[in-house]
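Have a look at the structure below, then the notes.
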Amino acid sequence: MYNTINPHYSVHDIYTTKIGENEFDRVSWTRLRINGHSLAVEEGRWNRRGRGRLPMEERGCSCGQVQTQRHVTEHCPRTTAL
Ligand SMILES: [Zn+2]
């Protein structure tokens with residue numbers, strides 16, 4: 001996902017501003033970049049009590065779509081207000 005939103009791997013301004021000014025945003029974007037979040041797309045990768053990984057189509061959002069980073073940040077009707 002990160003390759004599609006930043007194909008040239010440029011450094012975003014959020015990482016060059018003074019620490020403390022946008023700390024919450026910086027931490028949130030970093031978690032999204034390194035898959036350090038609890039979205040269904042990531043949670044479904046891990047072994048679920050011996051049942052293995054979930055197929056991608058079963059990693060659903062409460063709106064009915066597959067819950068990927070792109071879905072949540074750009075398309076989900078439940079997070080558009082954020
Ligand atoms: Zn959704």
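Ordering of the structure tokens sets the chain letters (A, B, ...); residue numbers start at 1 within each chain; ligands are numbered from 1 in the order shown.
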
Within-12 Å residues of ligand 1, basis only C-alpha atoms and all ligand atoms, as a compact mmCIF listing (two decimals) with all heavy atoms, in the first residue's frame:
# COMPACT_ATOMS: atom_id res chain seq x y z
N LEU A 39 -6.02 -2.82 11.98
CA LEU A 39 -7.02 -2.97 10.91
C LEU A 39 -7.12 -4.44 10.54
O LEU A 39 -6.18 -5.22 10.69
CB LEU A 39 -6.61 -2.15 9.68
CG LEU A 39 -6.54 -0.64 9.87
CD1 LEU A 39 -6.09 0.04 8.59
CD2 LEU A 39 -7.86 -0.08 10.35
N ALA A 40 -8.27 -4.82 10.03
CA ALA A 40 -8.54 -6.23 9.72
C ALA A 40 -7.54 -6.81 8.72
O ALA A 40 -7.20 -7.99 8.79
CB ALA A 40 -9.96 -6.39 9.20
N VAL A 41 -7.06 -5.98 7.79
CA VAL A 41 -6.10 -6.47 6.80
C VAL A 41 -4.84 -7.00 7.47
O VAL A 41 -4.24 -7.98 7.02
CB VAL A 41 -5.77 -5.39 5.74
CG1 VAL A 41 -5.00 -4.24 6.34
CG2 VAL A 41 -5.06 -6.00 4.56
N ARG A 59 -11.34 -10.33 5.65
CA ARG A 59 -10.78 -9.32 6.54
C ARG A 59 -11.63 -8.06 6.42
O ARG A 59 -11.21 -7.03 5.89
CB ARG A 59 -9.33 -9.04 6.19
CG ARG A 59 -8.46 -10.27 6.30
CD ARG A 59 -7.04 -10.01 5.90
NE ARG A 59 -6.32 -11.28 5.75
CZ ARG A 59 -5.06 -11.38 5.42
NH1 ARG A 59 -4.34 -10.30 5.21
NH2 ARG A 59 -4.50 -12.56 5.29
N GLY A 60 -12.84 -8.17 6.90
CA GLY A 60 -13.84 -7.16 6.62
C GLY A 60 -13.93 -6.00 7.58
O GLY A 60 -13.62 -6.09 8.76
N CYS A 61 -14.40 -4.91 7.04
CA CYS A 61 -14.74 -3.70 7.78
C CYS A 61 -16.23 -3.80 8.15
O CYS A 61 -16.98 -4.54 7.51
CB CYS A 61 -14.49 -2.49 6.88
SG CYS A 61 -14.87 -0.90 7.63
N SER A 62 -16.67 -3.06 9.12
CA SER A 62 -18.08 -3.10 9.51
C SER A 62 -18.99 -2.53 8.43
O SER A 62 -20.20 -2.74 8.47
CB SER A 62 -18.28 -2.37 10.83
OG SER A 62 -17.84 -1.04 10.70
N CYS A 63 -18.43 -1.85 7.44
CA CYS A 63 -19.25 -1.32 6.34
C CYS A 63 -19.45 -2.37 5.24
O CYS A 63 -20.20 -2.15 4.30
CB CYS A 63 -18.63 -0.06 5.75
SG CYS A 63 -17.17 -0.38 4.74
N GLY A 64 -18.76 -3.51 5.35
CA GLY A 64 -18.96 -4.58 4.39
C GLY A 64 -17.84 -4.77 3.38
O GLY A 64 -17.82 -5.75 2.65
N GLN A 65 -16.88 -3.85 3.32
CA GLN A 65 -15.76 -3.96 2.38
C GLN A 65 -14.55 -4.57 3.10
O GLN A 65 -14.54 -4.69 4.32
CB GLN A 65 -15.38 -2.56 1.86
CG GLN A 65 -16.49 -1.85 1.14
CD GLN A 65 -16.88 -2.56 -0.14
OE1 GLN A 65 -16.03 -2.90 -0.94
NE2 GLN A 65 -18.18 -2.82 -0.30
N VAL A 66 -13.53 -4.96 2.34
CA VAL A 66 -12.29 -5.42 2.94
C VAL A 66 -11.61 -4.22 3.60
O VAL A 66 -11.48 -3.16 2.98
CB VAL A 66 -11.37 -6.07 1.89
CG1 VAL A 66 -10.02 -6.42 2.48
CG2 VAL A 66 -12.04 -7.31 1.31
N GLN A 67 -11.18 -4.39 4.84
CA GLN A 67 -10.63 -3.25 5.60
C GLN A 67 -9.12 -3.14 5.39
O GLN A 67 -8.32 -3.64 6.16
CB GLN A 67 -10.95 -3.40 7.08
CG GLN A 67 -10.63 -2.16 7.88
CD GLN A 67 -10.93 -2.34 9.34
OE1 GLN A 67 -10.49 -3.30 9.95
NE2 GLN A 67 -11.67 -1.42 9.90
N THR A 68 -8.73 -2.46 4.32
CA THR A 68 -7.33 -2.18 4.05
C THR A 68 -7.02 -0.76 4.51
O THR A 68 -7.92 0.02 4.83
CB THR A 68 -7.04 -2.29 2.55
OG1 THR A 68 -7.82 -1.29 1.87
CG2 THR A 68 -7.37 -3.67 2.00
N GLN A 69 -5.74 -0.41 4.49
CA GLN A 69 -5.35 0.94 4.84
C GLN A 69 -5.99 1.94 3.88
O GLN A 69 -6.50 2.99 4.28
CB GLN A 69 -3.82 1.11 4.78
CG GLN A 69 -3.08 0.31 5.80
CD GLN A 69 -2.60 -1.01 5.24
OE1 GLN A 69 -3.25 -1.64 4.40
NE2 GLN A 69 -1.45 -1.47 5.72
N ARG A 70 -5.96 1.63 2.58
CA ARG A 70 -6.53 2.54 1.59
C ARG A 70 -8.03 2.69 1.79
O ARG A 70 -8.58 3.78 1.69
CB ARG A 70 -6.24 2.07 0.18
CG ARG A 70 -6.81 3.02 -0.89
CD ARG A 70 -6.32 2.65 -2.26
NE ARG A 70 -4.89 2.89 -2.39
CZ ARG A 70 -4.36 4.02 -2.82
NH1 ARG A 70 -5.13 5.01 -3.18
NH2 ARG A 70 -3.06 4.17 -2.92
N HIS A 71 -8.71 1.59 2.08
CA HIS A 71 -10.15 1.66 2.31
C HIS A 71 -10.45 2.61 3.46
O HIS A 71 -11.31 3.48 3.33
CB HIS A 71 -10.71 0.26 2.61
CG HIS A 71 -12.10 0.28 3.12
ND1 HIS A 71 -13.18 0.54 2.31
CD2 HIS A 71 -12.60 0.11 4.39
CE1 HIS A 71 -14.28 0.51 3.04
NE2 HIS A 71 -13.96 0.26 4.30
N VAL A 72 -9.75 2.47 4.57
CA VAL A 72 -10.04 3.28 5.76
C VAL A 72 -9.68 4.74 5.54
O VAL A 72 -10.41 5.63 5.96
CB VAL A 72 -9.30 2.71 6.99
CG1 VAL A 72 -9.38 3.65 8.17
CG2 VAL A 72 -9.88 1.35 7.34
N THR A 73 -8.56 5.01 4.85
CA THR A 73 -8.13 6.40 4.68
C THR A 73 -8.82 7.12 3.53
O THR A 73 -8.89 8.34 3.53
CB THR A 73 -6.61 6.49 4.47
OG1 THR A 73 -6.25 5.70 3.33
CG2 THR A 73 -5.86 6.02 5.70
N GLU A 74 -9.37 6.38 2.56
CA GLU A 74 -9.93 7.06 1.39
C GLU A 74 -11.38 6.73 1.06
O GLU A 74 -12.06 7.54 0.43
CB GLU A 74 -9.07 6.74 0.16
CG GLU A 74 -7.67 7.26 0.27
CD GLU A 74 -6.83 6.92 -0.95
OE1 GLU A 74 -7.38 6.43 -1.95
OE2 GLU A 74 -5.61 7.14 -0.89
N HIS A 75 -11.87 5.53 1.43
CA HIS A 75 -13.17 5.11 0.91
C HIS A 75 -14.23 4.75 1.94
O HIS A 75 -15.40 4.70 1.59
CB HIS A 75 -12.98 3.90 -0.02
CG HIS A 75 -11.99 4.14 -1.11
ND1 HIS A 75 -12.21 5.06 -2.11
CD2 HIS A 75 -10.76 3.61 -1.35
CE1 HIS A 75 -11.16 5.08 -2.92
NE2 HIS A 75 -10.27 4.21 -2.48
N CYS A 76 -13.89 4.45 3.15
CA CYS A 76 -14.85 3.93 4.11
C CYS A 76 -15.83 5.03 4.56
O CYS A 76 -15.41 6.09 5.02
CB CYS A 76 -14.14 3.35 5.34
SG CYS A 76 -15.31 2.62 6.50
N PRO A 77 -17.14 4.76 4.46
CA PRO A 77 -18.11 5.76 4.91
C PRO A 77 -18.06 5.98 6.42
O PRO A 77 -18.50 7.03 6.90
CB PRO A 77 -19.45 5.17 4.48
CG PRO A 77 -19.21 3.72 4.29
CD PRO A 77 -17.77 3.57 3.90
N ARG A 78 -17.50 5.05 7.17
CA ARG A 78 -17.43 5.18 8.63
C ARG A 78 -16.27 6.07 9.08
O ARG A 78 -16.24 6.48 10.24
CB ARG A 78 -17.33 3.81 9.27
CG ARG A 78 -18.58 2.99 9.04
CD ARG A 78 -18.51 1.68 9.78
NE ARG A 78 -19.74 0.97 9.67
CZ ARG A 78 -20.75 1.06 10.55
NH1 ARG A 78 -20.61 1.82 11.60
NH2 ARG A 78 -21.86 0.39 10.37
N THR A 79 -15.29 6.32 8.22
CA THR A 79 -14.15 7.14 8.63
C THR A 79 -13.98 8.40 7.80
O THR A 79 -13.00 9.11 7.99
CB THR A 79 -12.84 6.31 8.55
OG1 THR A 79 -12.69 5.81 7.21
CG2 THR A 79 -12.86 5.16 9.53
N THR A 80 -14.91 8.71 6.93
CA THR A 80 -14.75 9.91 6.09
C THR A 80 -14.73 11.18 6.93
O THR A 80 -14.07 12.15 6.56
CB THR A 80 -15.87 10.02 5.04
OG1 THR A 80 -17.12 9.93 5.70
CG2 THR A 80 -15.75 8.94 4.00

Next on the checklist: I need the residues of range 38-75 of chain A that end up classed as helix (DSSP H, G or I) by DSSP on the backbone, written out as a PyMOL selection string.
Outcome noted: chain A and resi 40-43+56-58+69-75

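The protein and nucleic acid residues lying at most 12 Å from range 16-33 of chain A are A:Met1, A:Tyr2, A:Asn3, A:Thr4, A:Ile5, A:Asn6, A:Tyr9, A:Ser10, A:Val11, A:His12, A:Asp13, A:Ile14, A:Asn35, A:Gly36, A:His37, A:Ser38, A:Leu39, A:Val41, A:Glu42, A:Thr68, A:Gln69, A:Arg70, A:Val72, A:Thr73, with only C-alpha atoms considered and sequence neighbours fewer than 2 positions away removed.
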
Checklist entry - Which value, in Å to one decimal, gives the distance between CA of Ile34 in chain A and CA of Trp46 in chain A? => result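 Distance reported for this atom pair: 15.4 Å.
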